[in-house]
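> Below is start24.cif; it holds mmCIF, C-alpha atoms.
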data_structure
#
loop_
_atom_site.label_atom_id
_atom_site.label_comp_id
_atom_site.auth_asym_id
_atom_site.auth_seq_id
_atom_site.Cartn_x
_atom_site.Cartn_y
_atom_site.Cartn_z
CA MET E 1 44.32 -12.21 3.89
CA ASN E 2 41.32 -9.93 4.26
CA PHE E 3 39.71 -8.12 1.38
CA GLU E 4 37.68 -5.05 0.55
CA THR E 5 35.43 -4.31 -2.42
CA ILE E 6 34.87 -1.62 -5.02
CA ILE E 7 31.55 -1.74 -6.85
CA LEU E 8 31.32 0.16 -10.13
CA ALA E 9 27.89 1.78 -10.36
CA ALA E 10 28.46 5.07 -12.17
CA GLY E 11 27.16 4.22 -15.65
CA LYS E 12 24.15 5.93 -17.20
CA GLY E 13 22.49 2.75 -18.42
CA THR E 14 21.12 4.49 -21.51
CA ARG E 15 19.71 1.25 -22.96
CA MET E 16 17.34 0.96 -19.99
CA LYS E 17 15.62 4.14 -21.23
CA SER E 18 14.79 5.15 -17.67
CA LYS E 19 15.00 8.14 -15.35
CA LEU E 20 16.11 5.72 -12.64
CA PRO E 21 19.82 4.84 -12.44
CA LYS E 22 20.36 1.36 -13.84
CA VAL E 23 21.67 -0.15 -10.61
CA LEU E 24 18.47 0.87 -8.79
CA HIS E 25 16.20 -1.19 -11.03
CA LYS E 26 14.81 -4.08 -9.02
CA VAL E 27 15.25 -7.74 -9.80
CA GLY E 28 14.09 -10.44 -7.42
CA GLY E 29 12.51 -7.77 -5.26
CA LYS E 30 15.54 -5.57 -4.56
CA PRO E 31 17.83 -3.21 -6.51
CA MET E 32 20.57 -4.76 -8.62
CA LEU E 33 23.19 -2.94 -6.56
CA GLN E 34 21.84 -4.46 -3.35
CA HIS E 35 22.31 -7.97 -4.78
CA VAL E 36 25.96 -7.18 -5.52
CA ILE E 37 26.61 -5.66 -2.09
CA ASP E 38 24.99 -8.66 -0.40
CA ALA E 39 27.09 -11.09 -2.45
CA ALA E 40 30.29 -9.27 -1.51
CA LYS E 41 29.42 -9.30 2.19
CA SER E 42 28.48 -12.98 1.99
CA ALA E 43 31.88 -13.74 0.46
CA GLY E 44 33.63 -12.10 3.40
CA SER E 45 34.25 -8.56 2.21
CA GLU E 46 34.96 -6.27 5.13
CA ARG E 47 34.15 -3.02 3.35
CA GLU E 48 32.35 -1.95 0.18
CA VAL E 49 32.92 1.34 -1.64
CA VAL E 50 30.43 2.15 -4.39
CA VAL E 51 31.61 4.31 -7.28
CA ILE E 52 28.68 6.46 -8.42
CA GLY E 53 28.18 8.99 -11.19
CA SER E 54 24.95 9.16 -13.17
CA GLY E 55 22.03 9.59 -10.77
CA ALA E 56 24.44 9.78 -7.83
CA GLU E 57 22.00 11.48 -5.46
CA LEU E 58 19.31 8.89 -6.09
CA VAL E 59 21.75 6.08 -5.35
CA LYS E 60 22.89 7.80 -2.15
CA GLU E 61 19.28 8.23 -1.07
CA LYS E 62 18.53 4.54 -1.62
CA PHE E 63 21.68 3.36 0.20
CA PRO E 64 22.09 5.82 3.09
CA GLY E 65 24.61 3.69 4.99
CA ALA E 66 26.94 2.94 2.08
CA GLU E 67 30.37 4.42 1.37
CA PHE E 68 30.69 6.22 -1.97
CA ALA E 69 33.26 7.63 -4.36
CA LEU E 70 32.14 10.00 -7.12
CA GLN E 71 33.11 9.56 -10.77
CA ALA E 72 31.86 12.91 -12.06
CA GLU E 73 32.85 12.14 -15.64
CA GLN E 74 32.63 8.59 -17.00
CA LEU E 75 35.99 7.93 -18.64
CA GLY E 76 36.06 4.14 -18.39
CA THR E 77 36.33 1.38 -15.81
CA GLY E 78 39.98 2.11 -15.05
CA HIS E 79 39.13 5.72 -14.31
CA ALA E 80 36.16 4.61 -12.19
CA VAL E 81 38.41 2.56 -9.90
CA SER E 82 41.05 5.30 -9.72
CA VAL E 83 38.58 7.87 -8.30
CA ALA E 84 38.32 5.68 -5.17
CA LYS E 85 42.09 5.55 -4.63
CA GLU E 86 42.12 7.86 -1.61
CA LYS E 87 39.76 5.54 0.23
CA PHE E 88 42.30 2.71 0.06
CA LEU E 89 45.58 4.50 0.82
CA ASN E 90 46.10 2.42 3.95
CA SER E 91 44.81 -0.88 2.54
CA THR E 92 47.35 -3.66 2.22
CA GLY E 93 45.23 -6.69 1.40
CA ALA E 94 43.21 -7.66 -1.64
CA LEU E 95 40.65 -5.57 -3.50
CA LEU E 96 37.65 -7.18 -5.16
CA VAL E 97 36.23 -5.19 -8.09
CA LEU E 98 32.59 -5.83 -9.03
CA CYS E 99 29.99 -4.28 -11.33
CA GLY E 100 26.77 -2.95 -9.84
CA ASP E 101 24.69 -4.34 -12.71
CA THR E 102 25.47 -8.06 -12.15
CA PRO E 103 22.71 -9.09 -9.72
CA LEU E 104 23.06 -12.83 -10.39
CA VAL E 105 26.53 -13.10 -8.86
CA THR E 106 26.59 -15.11 -5.62
CA GLY E 107 28.63 -14.93 -2.45
CA GLU E 108 29.68 -18.54 -2.97
CA LEU E 109 31.22 -17.76 -6.37
CA LEU E 110 33.03 -14.69 -5.06
CA LYS E 111 34.38 -16.59 -2.05
CA ASN E 112 35.78 -19.35 -4.28
CA PHE E 113 37.22 -16.73 -6.61
CA PHE E 114 38.95 -14.89 -3.77
CA ASP E 115 40.32 -18.12 -2.27
CA VAL E 116 41.97 -19.06 -5.58
CA HIS E 117 43.43 -15.56 -5.90
CA GLN E 118 44.85 -15.73 -2.38
CA LYS E 119 46.25 -19.25 -2.50
CA SER E 120 47.86 -18.74 -5.91
CA GLY E 121 49.70 -15.59 -4.90
CA PHE E 122 48.44 -13.66 -7.91
CA ALA E 123 48.84 -9.89 -8.14
CA ALA E 124 45.60 -9.90 -10.14
CA THR E 125 42.95 -12.47 -11.04
CA VAL E 126 40.11 -12.09 -13.51
CA LEU E 127 36.90 -14.11 -13.48
CA SER E 128 35.91 -15.54 -16.84
CA ALA E 129 33.13 -17.66 -18.33
CA GLU E 130 32.39 -19.52 -21.54
CA MET E 131 29.57 -17.59 -23.20
CA PRO E 132 27.45 -19.14 -26.00
CA ASP E 133 27.23 -15.73 -27.64
CA ALA E 134 30.16 -13.53 -26.62
CA THR E 135 29.07 -10.50 -28.65
CA GLY E 136 29.77 -7.28 -26.78
CA TYR E 137 32.00 -8.87 -24.13
CA GLY E 138 35.72 -8.45 -23.68
CA ARG E 139 37.62 -11.64 -24.63
CA ILE E 140 40.23 -13.47 -22.58
CA VAL E 141 43.27 -14.01 -24.77
CA ARG E 142 45.66 -16.71 -23.52
CA GLU E 143 49.27 -17.56 -24.17
CA GLY E 144 50.18 -20.79 -25.93
CA ASP E 145 50.57 -22.54 -22.56
CA GLY E 146 47.06 -21.47 -21.50
CA SER E 147 48.15 -18.72 -19.13
CA PHE E 148 46.73 -15.21 -19.21
CA LYS E 149 47.97 -12.94 -22.00
CA LYS E 150 45.53 -10.02 -22.21
CA ILE E 151 41.90 -8.91 -22.35
CA VAL E 152 40.67 -7.30 -25.54
CA GLU E 153 37.39 -5.40 -25.73
CA HIS E 154 34.91 -6.46 -28.42
CA LYS E 155 35.22 -3.21 -30.36
CA ASP E 156 39.01 -3.51 -30.39
CA ALA E 157 39.15 -7.25 -31.15
CA THR E 158 40.37 -8.75 -34.40
CA ASP E 159 38.16 -11.18 -36.32
CA ALA E 160 40.10 -14.08 -34.82
CA GLU E 161 39.74 -12.70 -31.27
CA LYS E 162 36.00 -12.21 -31.75
CA LYS E 163 35.68 -15.98 -32.21
CA ILE E 164 36.90 -16.55 -28.65
CA ARG E 165 34.03 -17.58 -26.37
CA GLU E 166 35.83 -17.11 -23.05
CA ILE E 167 34.75 -13.68 -21.86
CA ASN E 168 35.81 -11.23 -19.18
CA ALA E 169 33.05 -11.24 -16.56
CA GLY E 170 34.10 -7.82 -15.24
CA ILE E 171 35.00 -9.27 -11.84
CA TYR E 172 38.57 -8.93 -10.58
CA CYS E 173 40.71 -9.42 -7.52
CA PHE E 174 43.88 -7.34 -7.12
CA ASP E 175 46.65 -6.69 -4.69
CA THR E 176 45.31 -3.29 -3.67
CA GLN E 177 48.44 -1.15 -3.88
CA LYS E 178 49.75 -2.87 -7.01
CA LEU E 179 46.42 -2.13 -8.70
CA PHE E 180 46.50 1.61 -8.00
CA ASP E 181 50.11 1.78 -9.15
CA ALA E 182 49.17 0.06 -12.42
CA LEU E 183 46.22 2.41 -12.95
CA THR E 184 48.60 5.36 -13.26
CA LYS E 185 50.10 3.69 -16.37
CA ILE E 186 46.85 2.98 -18.24
CA LYS E 187 46.30 4.86 -21.51
CA ASN E 188 43.10 5.50 -23.43
CA GLU E 189 44.37 4.47 -26.85
CA ASN E 190 41.36 2.42 -27.92
CA ALA E 191 38.15 2.65 -29.94
CA GLN E 192 36.23 4.16 -27.03
CA GLY E 193 38.91 6.58 -25.90
CA GLU E 194 38.47 5.26 -22.35
CA TYR E 195 40.74 4.01 -19.60
CA TYR E 196 40.06 0.27 -19.40
CA LEU E 197 40.54 -1.52 -16.09
CA PRO E 198 41.51 -4.80 -17.85
CA ASP E 199 44.64 -3.04 -19.15
CA ALA E 200 45.92 -3.07 -15.55
CA LEU E 201 46.27 -6.86 -15.79
CA THR E 202 48.51 -6.60 -18.86
CA ILE E 203 50.59 -3.88 -17.17
CA LEU E 204 51.08 -6.08 -14.10
CA LYS E 205 51.95 -9.10 -16.25
CA ASP E 206 54.50 -7.12 -18.26
CA ALA E 207 56.04 -5.99 -14.96
CA GLY E 208 56.66 -9.63 -14.03
CA GLU E 209 53.68 -10.09 -11.71
CA LYS E 210 51.57 -13.25 -11.70
CA VAL E 211 48.11 -12.80 -13.27
CA GLY E 212 45.54 -15.58 -13.11
CA VAL E 213 42.17 -16.51 -14.61
CA PHE E 214 39.36 -18.14 -12.63
CA VAL E 215 36.76 -19.81 -14.86
CA THR E 216 33.19 -20.26 -13.60
CA ASN E 217 31.21 -23.15 -15.06
CA ASP E 218 27.95 -21.17 -14.87
CA CYS E 219 27.99 -18.17 -17.18
CA THR E 220 24.58 -16.97 -15.94
CA LEU E 221 26.17 -15.89 -12.65
CA THR E 222 28.17 -13.25 -14.50
CA LEU E 223 25.44 -11.76 -16.69
CA GLY E 224 25.32 -7.97 -16.75
CA ILE E 225 22.05 -6.09 -17.16
CA ASN E 226 21.93 -3.39 -19.81
CA SER E 227 18.31 -3.43 -21.02
CA ARG E 228 14.77 -4.21 -19.89
CA VAL E 229 14.92 -7.48 -21.81
CA GLN E 230 18.03 -8.56 -19.92
CA LEU E 231 16.38 -7.43 -16.69
CA ALA E 232 13.46 -9.77 -17.38
CA ASP E 233 15.87 -12.62 -18.16
CA ALA E 234 17.67 -12.05 -14.85
CA GLU E 235 14.32 -11.96 -13.06
CA LYS E 236 13.47 -15.43 -14.38
CA ILE E 237 16.81 -16.82 -13.26
CA LEU E 238 16.53 -15.34 -9.76
CA ARG E 239 12.92 -16.54 -9.34
CA ARG E 240 13.86 -20.04 -10.42
CA ARG E 241 16.85 -20.01 -8.07
CA LYS E 242 14.67 -18.89 -5.15
CA ASN E 243 11.91 -21.41 -5.84
CA PHE E 244 14.37 -24.29 -6.06
CA GLU E 245 16.06 -23.16 -2.83
CA LEU E 246 12.70 -23.20 -1.03
CA MET E 247 11.72 -26.60 -2.43
CA GLU E 248 15.05 -28.08 -1.34
CA ASN E 249 14.25 -26.84 2.19
CA GLY E 250 10.82 -28.43 2.47
CA VAL E 251 8.44 -26.00 0.79
CA THR E 252 6.05 -27.25 -1.89
CA VAL E 253 5.81 -24.95 -4.90
CA ILE E 254 3.08 -26.42 -7.09
CA ASP E 255 4.14 -24.62 -10.27
CA PRO E 256 7.48 -22.77 -10.04
CA GLU E 257 6.99 -21.16 -13.43
CA SER E 258 3.91 -19.25 -12.26
CA THR E 259 5.09 -18.49 -8.72
CA PHE E 260 6.99 -15.28 -7.98
CA ILE E 261 8.93 -15.13 -4.72
CA ASP E 262 11.42 -12.38 -3.84
CA ALA E 263 14.97 -13.15 -2.81
CA GLU E 264 14.60 -12.23 0.88
CA VAL E 265 11.34 -14.07 1.56
CA GLU E 266 11.44 -16.77 4.27
CA ILE E 267 9.03 -19.74 4.23
CA GLY E 268 8.77 -22.61 6.71
CA GLN E 269 8.64 -26.35 6.08
CA ASP E 270 5.54 -28.06 4.69
CA THR E 271 4.02 -24.82 3.47
CA ILE E 272 2.35 -25.14 0.06
CA ILE E 273 2.49 -22.30 -2.47
CA TYR E 274 -0.17 -22.51 -5.17
CA PRO E 275 0.18 -21.04 -8.69
CA HIS E 276 -0.05 -17.36 -9.61
CA THR E 277 1.09 -16.25 -6.18
CA TYR E 278 3.39 -13.27 -5.52
CA ILE E 279 5.35 -13.16 -2.25
CA GLU E 280 7.34 -9.96 -2.01
CA GLY E 281 9.74 -7.92 0.09
CA LYS E 282 10.72 -9.27 3.49
CA THR E 283 7.68 -11.51 3.96
CA LYS E 284 8.07 -14.33 6.50
CA ILE E 285 5.71 -17.32 6.38
CA GLY E 286 5.56 -20.06 9.00
CA GLU E 287 5.17 -23.82 8.66
CA GLY E 288 2.25 -25.82 7.32
CA CYS E 289 0.57 -22.91 5.53
CA GLU E 290 -1.39 -22.95 2.29
CA ILE E 291 -0.87 -19.79 0.26
CA GLY E 292 -2.73 -19.09 -2.99
CA PRO E 293 -3.72 -19.43 -5.66
CA GLU E 294 -3.91 -15.84 -6.94
CA THR E 295 -2.53 -14.27 -3.76
CA ARG E 296 -0.14 -11.37 -3.24
CA LEU E 297 1.74 -10.90 0.03
CA THR E 298 4.05 -7.91 0.53
CA ASP E 299 6.19 -7.42 3.66
CA MET E 300 3.94 -9.70 5.68
CA THR E 301 4.55 -11.72 8.85
CA ILE E 302 2.49 -14.91 8.77
CA GLY E 303 2.28 -17.59 11.44
CA ASN E 304 1.85 -21.35 11.17
CA GLU E 305 -1.07 -23.28 9.63
CA VAL E 306 -2.45 -20.19 7.87
CA LYS E 307 -4.61 -20.57 4.77
CA ILE E 308 -4.96 -17.66 2.33
CA GLN E 309 -6.46 -17.71 -1.15
CA PHE E 310 -7.29 -15.06 -3.78
CA SER E 311 -6.21 -12.24 -1.44
CA TYR E 312 -3.91 -9.22 -1.15
CA CYS E 313 -2.17 -8.57 2.15
CA HIS E 314 0.59 -6.05 2.84
CA GLU E 315 2.65 -4.73 5.76
CA SER E 316 0.64 -6.58 8.40
CA GLU E 317 0.73 -9.61 10.68
CA ILE E 318 -1.42 -12.73 10.43
CA CYS E 319 -1.18 -15.08 13.41
CA ASP E 320 -1.45 -18.87 13.58
CA SER E 321 -4.33 -20.87 12.09
CA VAL E 322 -6.06 -17.98 10.33
CA VAL E 323 -8.27 -18.93 7.37
CA MET E 324 -8.72 -16.16 4.84
CA GLY E 325 -10.35 -15.63 1.46
CA PRO E 326 -11.33 -15.51 -1.21
CA TYR E 327 -11.02 -11.81 -2.12
CA VAL E 328 -9.71 -10.35 1.13
CA HIS E 329 -7.67 -7.17 1.43
CA ILE E 330 -5.53 -6.77 4.55
CA ARG E 331 -4.19 -3.23 4.64
CA PRO E 332 -1.00 -1.97 6.37
CA GLY E 333 -0.80 -1.99 10.14
CA SER E 334 -3.34 -4.77 10.68
CA LYS E 335 -2.89 -7.69 13.04
CA ILE E 336 -5.15 -10.70 12.51
CA SER E 337 -5.22 -12.78 15.67
CA GLY E 338 -4.95 -16.55 15.81
CA LYS E 339 -7.76 -18.82 14.54
CA VAL E 340 -9.60 -15.92 12.90
CA LYS E 341 -11.77 -16.69 9.87
CA ILE E 342 -12.16 -14.01 7.20
CA GLY E 343 -14.50 -14.84 4.34
CA ASN E 344 -15.04 -13.39 0.90
CA PHE E 345 -14.95 -9.68 -0.01
CA VAL E 346 -13.61 -8.37 3.31
CA GLU E 347 -11.25 -5.45 3.85
CA VAL E 348 -9.37 -5.03 7.13
CA LYS E 349 -7.34 -1.95 8.01
CA ASN E 350 -5.18 -1.44 11.09
CA GLY E 351 -6.96 -3.81 13.46
CA GLU E 352 -7.59 -7.37 14.65
CA GLY E 353 -10.45 -9.62 13.69
CA SER E 354 -12.04 -12.82 14.92
CA LYS E 355 -14.74 -13.97 12.46
CA LEU E 356 -15.53 -11.89 9.41
CA PRO E 357 -17.62 -14.06 7.08
CA HIS E 358 -18.07 -11.79 4.04
CA LEU E 359 -18.64 -8.31 2.58
CA GLN E 360 -17.18 -6.21 5.41
CA TYR E 361 -14.94 -3.22 5.89
CA ILE E 362 -13.21 -3.33 9.27
CA GLY E 363 -10.98 -0.25 9.52
CA ASP E 364 -9.07 1.19 12.50
CA CYS E 365 -10.52 -1.40 14.82
CA ASP E 366 -9.41 -3.34 17.92
CA MET E 367 -11.43 -6.54 18.03
CA GLY E 368 -11.39 -9.22 20.70
CA ALA E 369 -11.72 -12.98 20.43
CA GLY E 370 -14.83 -14.96 19.57
CA CYS E 371 -16.61 -12.17 17.72
CA ASN E 372 -18.96 -12.59 14.77
CA MET E 373 -19.43 -9.75 12.31
CA GLY E 374 -22.51 -10.11 10.14
CA CYS E 375 -22.49 -9.67 6.37
CA GLY E 376 -22.21 -6.04 5.29
CA THR E 377 -20.87 -4.70 8.61
CA ILE E 378 -18.78 -1.53 8.41
CA THR E 379 -16.72 0.28 11.01
CA VAL E 380 -17.27 3.90 9.96
CA ASN E 381 -13.86 5.34 10.80
CA TYR E 382 -13.66 8.63 8.86
CA ASP E 383 -15.65 11.84 9.38
CA GLY E 384 -14.12 13.69 6.43
CA LYS E 385 -11.28 15.20 8.47
CA LYS E 386 -10.08 12.66 11.02
CA LYS E 387 -10.04 8.89 11.43
CA PHE E 388 -11.31 7.26 14.63
CA ARG E 389 -11.06 3.79 16.15
CA THR E 390 -13.73 1.25 16.95
CA VAL E 391 -13.16 -1.00 19.97
CA ILE E 392 -14.96 -4.35 20.10
CA GLY E 393 -14.63 -6.66 23.10
CA ASP E 394 -14.71 -10.45 23.27
CA ASN E 395 -17.66 -12.58 22.11
CA VAL E 396 -19.50 -9.70 20.47
CA PHE E 397 -22.20 -10.48 17.89
CA VAL E 398 -22.94 -7.83 15.26
CA GLY E 399 -25.91 -8.41 12.98
CA CYS E 400 -25.91 -7.98 9.21
CA ASN E 401 -25.74 -4.55 7.53
CA SER E 402 -24.68 -2.71 10.66
CA ASN E 403 -22.62 0.48 10.89
CA LEU E 404 -20.40 1.13 13.91
CA VAL E 405 -19.65 4.87 13.77
CA ALA E 406 -16.31 5.55 15.45
CA PRO E 407 -15.25 6.51 17.98
CA VAL E 408 -17.38 3.87 19.60
CA THR E 409 -16.92 0.88 21.92
CA VAL E 410 -18.95 -2.33 21.90
CA GLU E 411 -18.11 -4.12 25.14
CA SER E 412 -17.68 -7.87 25.60
CA GLY E 413 -20.74 -10.06 25.21
CA ALA E 414 -22.81 -7.31 23.60
CA TYR E 415 -25.16 -7.76 20.63
CA VAL E 416 -25.94 -5.33 17.83
CA ALA E 417 -29.20 -5.94 16.02
CA ALA E 418 -29.11 -6.32 12.24
CA GLY E 419 -29.42 -3.06 10.29
CA SER E 420 -28.32 -0.85 13.20
CA THR E 421 -26.24 2.30 12.97
CA VAL E 422 -24.44 2.47 16.32
CA THR E 423 -23.21 5.92 17.38
CA GLU E 424 -23.01 5.39 21.18
CA ASN E 425 -21.09 2.89 23.29
CA VAL E 426 -22.76 -0.48 23.89
CA PRO E 427 -22.29 -1.76 27.49
CA GLU E 428 -21.29 -5.31 28.29
CA ASN E 429 -23.93 -7.98 27.52
CA ASN E 430 -26.39 -5.37 26.22
CA LEU E 431 -28.42 -5.56 23.01
CA ALA E 432 -28.21 -2.41 20.88
CA ILE E 433 -31.00 -1.68 18.42
CA ALA E 434 -30.40 1.47 16.38
CA ARG E 435 -33.02 1.52 13.65
CA SER E 436 -36.48 3.06 13.19
CA ARG E 437 -39.56 0.97 13.89
CA GLN E 438 -41.10 -0.60 10.79
CA THR E 439 -44.35 0.86 9.53
CA ASN E 440 -46.49 -0.76 6.80
CA LYS E 441 -48.65 1.69 4.78
CA THR E 442 -51.78 -0.25 3.84
CA THR E 443 -53.31 2.60 1.81
CA TRP E 444 -50.17 3.41 -0.18
CA LYS E 445 -50.45 3.33 -3.96
CA ASP E 446 -47.70 3.32 -6.58
CA LYS E 447 -48.13 6.61 -8.46
CA ARG E 448 -46.21 5.16 -11.41
CA LYS E 449 -49.12 2.85 -12.20
#
Taking this structure as input, can you express it in the form of structure tokens?


Amino acid sequence: MNFETIILAAGKGTRMKSKLPKVLHKVGGKPMLQHVIDAAKSAGSEREVVVIGSGAELVKEKFPGAEFALQAEQLGTGHAVSVAKEKFLNSTGALLVLCGDTPLVTGELLKNFFDVHQKSGFAATVLSAEMPDATGYGRIVREGDGSFKKIVEHKDATDAEKKIREINAGIYCFDTQKLFDALTKIKNENAQGEYYLPDALTILKDAGEKVGVFVTNDCTLTLGINSRVQLADAEKILRRRKNFELMENGVTVIDPESTFIDAEVEIGQDTIIYPHTYIEGKTKIGEGCEIGPETRLTDMTIGNEVKIQFSYCHESEICDSVVMGPYVHIRPGSKISGKVKIGNFVEVKNGEGSKLPHLQYIGDCDMGAGCNMGCGTITVNYDGKKKFRTVIGDNVFVGCNSNLVAPVTVESGAYVAAGSTVTENVPENNLAIARSRQTNKTTWKDKRK
């Protein structure tokens, strides 16, 4: 049996106190909704329909390829599913129902959940968990033989029902057409005046259908996010999960508690990650690298045997065996070629380097191999209106405190004398001296004395 998915993402998320829809808040480097979509796909879902309402246009903008159904007025979870009915008129398999604010759910859990639903021949299955503090959650109420009886929301529960620790995780699997038939029979006779999706399970059970409960042994996988505090808690769980995953695959993380690695980051074997390091977005790091401490990498591609410390690099490529830091800034669009050494207090923008010892700004530059840039060298790339490129060949030596005013080319083997401001091209193997001749004034007197 194949299955499709509905993801409920229409809520306002008022407790977040944010202009951003709740499901777009990031955790582990990507929006909560993206985590849920990825988990569904990983479990084998063939199609995902996202029910949106509050902040609908922002959600559409963030997920341009997704399929949506609009819940213009939020009248409960049962109503939210029913607005997507027309998208499943021809569906005959199973329908997985998820919440867009449960970013900790995994594809493995959902696959196991679906398999139990399928093999047991249930018309509906609900996922539950034992929660240490079940306050606010709907409770699973069972019959005397342990089978499913009903789900009661916290606000509608009796004192005895509130003592139940088994909670409704808000994750369901239904026979698609039986679900939409049951939804037509749901009433809003409850404390909230809403149409509750869990009532569909009771309706199916009363009609003689089999309804099951799948219990997960890890309640953290089902946690919903309703506040900034819960968002931070989920962040810790996802970071820990990612760090442990990397360590189990051959990466050394010196101090997992002070290392922050996004969910989609890839790191090769025998790489060492030092404390207080942030690796974000879709960064890919090769094998045998040493990253950190105090380093931030965002959407970077990094080769093998690279060493980076106390640096910030984003949206660029660093090739094999580069040594970098401390206090280096690699700006977007740069490519640092193999075996390059970049020392302290260097900024590189949109170019390649070969040996940048310290205190340089190398912007909009194409640099060959074997070059040495003296301390304080600047490629002057901006005239106030336009930016221009500097081209430096192989084995070029540029002396300290030099300015290369773009557009300018320094050909292979050329030298630039220290303190020069170069405004014209330097031919191959030439020495450029662009400074005034020194004059010593022997009769000069300090007028301040």

> Around the point (41.0, -7.4, 8.6) in the file's coordinates, collect all residues with an atom within 10 Å, using only C-alpha atoms, and return them as a PDB file with C-alpha atoms, in the coordinates of the input.


ATOM      1  CA  MET E   1      44.320 -12.210   3.890  1.00  0.00           C
ATOM      2  CA  ASN E   2      41.320  -9.930   4.260  1.00  0.00           C
ATOM      3  CA  PHE E   3      39.710  -8.120   1.380  1.00  0.00           C
ATOM      4  CA  GLU E   4      37.680  -5.050   0.550  1.00  0.00           C
ATOM      5  CA  SER E  45      34.250  -8.560   2.210  1.00  0.00           C
ATOM      6  CA  GLU E  46      34.960  -6.270   5.130  1.00  0.00           C
ATOM      7  CA  ARG E  47      34.150  -3.020   3.350  1.00  0.00           C
ATOM      8  CA  SER E  91      44.810  -0.880   2.540  1.00  0.00           C
ATOM      9  CA  THR E  92      47.350  -3.660   2.220  1.00  0.00           C
ATOM     10  CA  GLY E  93      45.230  -6.690   1.400  1.00  0.00           C
TER      11      GLY E  93
END

> Could you check how far atom CA of E:Leu8 sits from atom CA of E:Thr77, in Å to one decimal?

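If I compute the distance from atom CA of E:Leu8 to atom CA of E:Thr77, I get 7.7 Å.
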
> Rounded to one decimal in Å, what is the spacing between atom CA of E:Thr184 and atom CA of E:Glu86?

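Taking atom CA of E:Thr184 as the start and atom CA of E:Glu86 as the end point, the length is 13.6 Å.
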
> Quick check, in Å to one decimal: how far apart do atom CA of E:Glu209 and atom CA of E:Ser120 lie?

11.9 Å

> Could you check the closest approach to E:Glu194 for each of E:Pro407, E:Gly65, E:Gly44, E:Gly78 and tell me which residue wins, using all atoms listed in the file?

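Closest to E:Glu194, using all atoms listed in the file: E:Gly78.
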
> So, counting all atoms listed in the file, which residue among E:Ala169, E:Cys313, E:Asn440, E:Gly28 is closest to E:Phe260?

E:Gly28

> Would you compute, for all listed atoms of stretch 87-91 of chain E, the axis-aligned bounding box grown by 6 Å on each side, and then report its centre and edge lengths in Å rounded to one decimal, as AutoDock Vina command-line options?


--center_x 42.9 --center_y 2.3 --center_z 2.0 --size_x 18.3 --size_y 18.4 --size_z 15.9

> Smallest atom-to-atom distance to E:Lys62: which of E:His25, E:Asp38, E:Gln118, E:Ile272, using only C-alpha atoms?

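Among the listed residues, the smallest separation from E:Lys62 belongs to E:His25.
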
> Go through the shown structure with the PyMOL selection byres ((chain E and resi 350) around 10) and write out the matching residues as a list in words.

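Taken over the shown coordinates, the PyMOL selection byres ((chain E and resi 350) around 10) returns Ser316, Ile330, Arg331, Pro332, Gly333, Ser334, Lys335, Ile336, Val348, Lys349, Gly351, Glu352, Ile362, Gly363, Asp364, Cys365, Asp366 and Arg389 of chain E.
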
> For those residues, write C-alpha atoms to a file as a compact mmCIF listing (two decimals), in the frame of the given file.


# COMPACT_ATOMS: atom_id res chain seq x y z
CA SER E 316 0.64 -6.58 8.40
CA ILE E 330 -5.53 -6.77 4.55
CA ARG E 331 -4.19 -3.23 4.64
CA PRO E 332 -1.00 -1.97 6.37
CA GLY E 333 -0.80 -1.99 10.14
CA SER E 334 -3.34 -4.77 10.68
CA LYS E 335 -2.89 -7.69 13.04
CA ILE E 336 -5.15 -10.70 12.51
CA VAL E 348 -9.37 -5.03 7.13
CA LYS E 349 -7.34 -1.95 8.01
CA GLY E 351 -6.96 -3.81 13.46
CA GLU E 352 -7.59 -7.37 14.65
CA ILE E 362 -13.21 -3.33 9.27
CA GLY E 363 -10.98 -0.25 9.52
CA ASP E 364 -9.07 1.19 12.50
CA CYS E 365 -10.52 -1.40 14.82
CA ASP E 366 -9.41 -3.34 17.92
CA ARG E 389 -11.06 3.79 16.15

> Counting all atoms listed in the file, which residues sit no farther than 9 Å from the position (28.5, 1.4, -3.6) in the file's frame? I'd like them as a list of chain:residue names.

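So the residues meeting the distance criterion are E:Ile6, E:Ile7, E:Leu8, E:Ala9, E:Leu33, E:Gln34, E:Ile37, E:Glu48, E:Val49, E:Val50, E:Val51, E:Ile52, E:Val59, E:Lys60, E:Phe63, E:Ala66, E:Glu67, E:Phe68, E:Ala69, E:Gly100.
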
> Excluding same-chain residues fewer than 6 positions from E:Ser147, what lies within 9 Å of it counting only C-alpha atoms, as a short mmCIF file (atom, residue, chain, number, x, y, z; two decimals) with C-alpha atoms, in the frame of the given file?


data_model
loop_
_atom_site.label_atom_id
_atom_site.label_comp_id
_atom_site.auth_asym_id
_atom_site.auth_seq_id
_atom_site.Cartn_x
_atom_site.Cartn_y
_atom_site.Cartn_z
CA VAL E 141 43.27 -14.01 -24.77
CA VAL E 211 48.11 -12.80 -13.27
CA GLY E 212 45.54 -15.58 -13.11
CA VAL E 213 42.17 -16.51 -14.61
#

> Got a sec to resolve the PyMOL selection byres ((chain E and resi 23) around 10) on this structure and send the residues as a PyMOL selection string?

chain E and resi 8-13+20-22+24-27+31-36+52+55+59+99-103+225-226

> Between E:Val380, E:Val306, E:Leu95, E:Ala369, single out the one closest to E:Cys289, counting all atoms listed in the file.

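Using all atoms listed in the file, E:Cys289 sits closest to E:Val306.
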
> Residues picked by the PyMOL selection byres ((chain E and resi 423) around 9) here, as a PyMOL selection string?

chain E and resi 403-408+421-422+424-425+434

> Could you give me, as a list in words, the residues within 8 Å of E:Leu201, counting all atoms listed in the file and dropping anything in the same chain fewer than 4 positions from it?

Ala124, Lys150, Leu197, Lys205 and Val211 of chain E
